[in-house]
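Undergrad: Please read through the structure below; I'll follow up with questions.
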Amino acid sequence: MLVRDAMSSVILTLGPAHTLRQAAALMSARRVGAAVVLDPDAGGIGILTERDILNSVGLGQNPDTERTHAHTTTDVVFAAPTWTLEEAARAMAHGGFRHLVVLDRGDVAGIVSVRDVIRSWAPAREPAPVP
């Protein structure tokens, strides 16, 4: 199976000036663990994860004043939609992260997460029939 078959193509995109509280609210509403941050001044595409927000709050930083640009990972490892899920899983395991931004011809095409990989490899069982 390929990344394009497992990735989410509906992507939450944030700007660098969003507060962490705004980011958390949007991520929670969309039920996603990561958002793509587009910041043309800082080199383009980054990723903000729930862990980035958790780390900030854990340090006592104010989520109403902290901006996404200060917590965005900009040295992103990108996946191609034609990667196998094994390649994506290997990249995530090697890098110690749970999300990969998927680029197709330089444009963001989606995000694939560890959860997406697991769902593809071990689909949920059908509920047992009721007698």
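Every chain in the structure tokens has a letter given in the order shown (A, B, ...), and although residue numbers restart at 1 in each chain, ligands are simply numbered from 1 in the order shown.
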Which residues are near Ile45 in chain A? Cut-off 10 Å, only C-alpha atoms, ignore same chain within fewer than 3 positions. Put them as a ChimeraX atom specification.

TA: /A:13,36-40,42,72-76,78,101,107-108

Undergrad: I need the residues from that last selection saved to file as a PDB file, in the first residue's frame (with C-alpha atoms), if you can.

TA:
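What landed in selection15.pdb:
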ATOM      1  CA  THR A  13      -3.097  24.789   7.611  1.00  0.00           C
ATOM      2  CA  VAL A  36       0.948  22.338   8.422  1.00  0.00           C
ATOM      3  CA  VAL A  37       2.353  25.798   9.106  1.00  0.00           C
ATOM      4  CA  LEU A  38       2.967  27.919   6.028  1.00  0.00           C
ATOM      5  CA  ASP A  39       5.506  30.643   6.729  1.00  0.00           C
ATOM      6  CA  PRO A  40       7.051  32.174   3.604  1.00  0.00           C
ATOM      7  CA  ALA A  42      10.882  31.216   7.514  1.00  0.00           C
ATOM      8  CA  THR A  72       7.020  24.868  14.433  1.00  0.00           C
ATOM      9  CA  THR A  73       9.409  22.205  13.201  1.00  0.00           C
ATOM     10  CA  THR A  74      10.928  23.564  10.007  1.00  0.00           C
ATOM     11  CA  ASP A  75      13.441  20.799   9.242  1.00  0.00           C
ATOM     12  CA  VAL A  76      10.575  18.613   8.096  1.00  0.00           C
ATOM     13  CA  PHE A  78       8.608  14.980   3.675  1.00  0.00           C
ATOM     14  CA  VAL A 101       3.856  15.949   5.481  1.00  0.00           C
ATOM     15  CA  ASP A 107       2.794  21.127  -3.058  1.00  0.00           C
ATOM     16  CA  VAL A 108       1.354  19.825   0.197  1.00  0.00           C
TER      17      VAL A 108
END

Undergrad: Tell me, as number ranges by chain, which residues lie within 9 Å of Ala35 in chain A, counting only C-alpha atoms; anything in the same chain fewer than 3 positions away does not count.

TA: A: 11-14, 23, 27, 32, 46-50, 111

Undergrad: Calculated over only C-alpha atoms, which of the candidates A:Arg21, A:Arg115, A:Arg98, A:Arg31 has the smallest distance to Leu54 in chain A?

TA: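 For Leu54 in chain A, the nearest of the candidates is A:Arg21.
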
Undergrad: Determine the nearest neighbour of Thr19 in chain A from the options A:Leu2, A:Ala34, A:Thr68, A:Asn62, counting only C-alpha atoms.

TA: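 That would be A:Thr68, the residue with the smallest distance to Thr19 in chain A.
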
Undergrad: Give me the residues within 12 Å of Asp41 in chain A as a ChimeraX atom specification, counting only C-alpha atoms and dropping any in the same chain fewer than 6 places off.

TA: /A:15-17,69,74

Undergrad: For the residues in that selection, give me C-alpha atoms as an mmCIF file, in the first residue's frame.

TA:
data_model
loop_
_atom_site.group_PDB
_atom_site.id
_atom_site.type_symbol
_atom_site.label_atom_id
_atom_site.label_comp_id
_atom_site.auth_asym_id
_atom_site.auth_seq_id
_atom_site.Cartn_x
_atom_site.Cartn_y
_atom_site.Cartn_z
ATOM 1 C CA GLY A 15 -0.010 30.687 9.685
ATOM 2 C CA PRO A 16 2.985 31.661 11.794
ATOM 3 C CA ALA A 17 1.026 34.242 13.793
ATOM 4 C CA HIS A 69 6.256 30.140 14.424
ATOM 5 C CA THR A 74 10.928 23.564 10.007
#

Undergrad: I'd like the neighbourhood of Arg4 in chain A as a PyMOL selection string, where a residue qualifies if any of its atoms comes within 12 Å (using only C-alpha atoms), though same-chain residues fewer than 4 positions away should be ignored.

TA: chain A and resi 8-9+79-85+88+100-104+108-113+116-117+120

Undergrad: Where does DSSP see helix (DSSP H, G or I) in chain A, if you list the residues as number ranges by chain?

TA: A: 3-6, 20-30, 40-42, 50-58, 68-70, 85-95, 114-121

Undergrad: Would you please extract all strand (DSSP E or B) residues from range 26-95 of chain A, as assigned by DSSP on the backbone, and give them as a VMD selection string?

TA: chain A and resid 34 to 39 44 to 49 67 73 78 to 79 84

Undergrad: Include C-alpha atoms and write out the residues we just selected as a compact mmCIF listing (two decimals), in the first residue's frame.

TA:
# COMPACT_ATOMS: atom_id res chain seq x y z
CA ALA A 34 -0.70 17.95 13.49
CA ALA A 35 -1.09 21.02 11.32
CA VAL A 36 0.95 22.34 8.42
CA VAL A 37 2.35 25.80 9.11
CA LEU A 38 2.97 27.92 6.03
CA ASP A 39 5.51 30.64 6.73
CA GLY A 44 7.98 27.74 3.68
CA ILE A 45 6.47 24.56 5.09
CA GLY A 46 6.66 23.47 8.70
CA ILE A 47 4.65 21.24 11.02
CA LEU A 48 3.13 21.89 14.44
CA THR A 49 2.08 18.87 16.48
CA ARG A 67 2.86 31.94 18.35
CA THR A 73 9.41 22.21 13.20
CA PHE A 78 8.61 14.98 3.67
CA ALA A 79 7.05 11.87 2.17
CA THR A 84 5.21 2.62 0.45

Undergrad: How far is it from CA of Val114 in chain A to CA of Ala24 in chain A, in Å with one decimal?

TA: 19.7 Å

Undergrad: For a quick check of understanding, using only C-alpha atoms, which of A:Val130, A:Leu20, A:Val77, A:Ala25 has the smallest distance to Asn55 in chain A?

TA: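 Counting only C-alpha atoms, the residue closest to Asn55 in chain A is A:Leu20.
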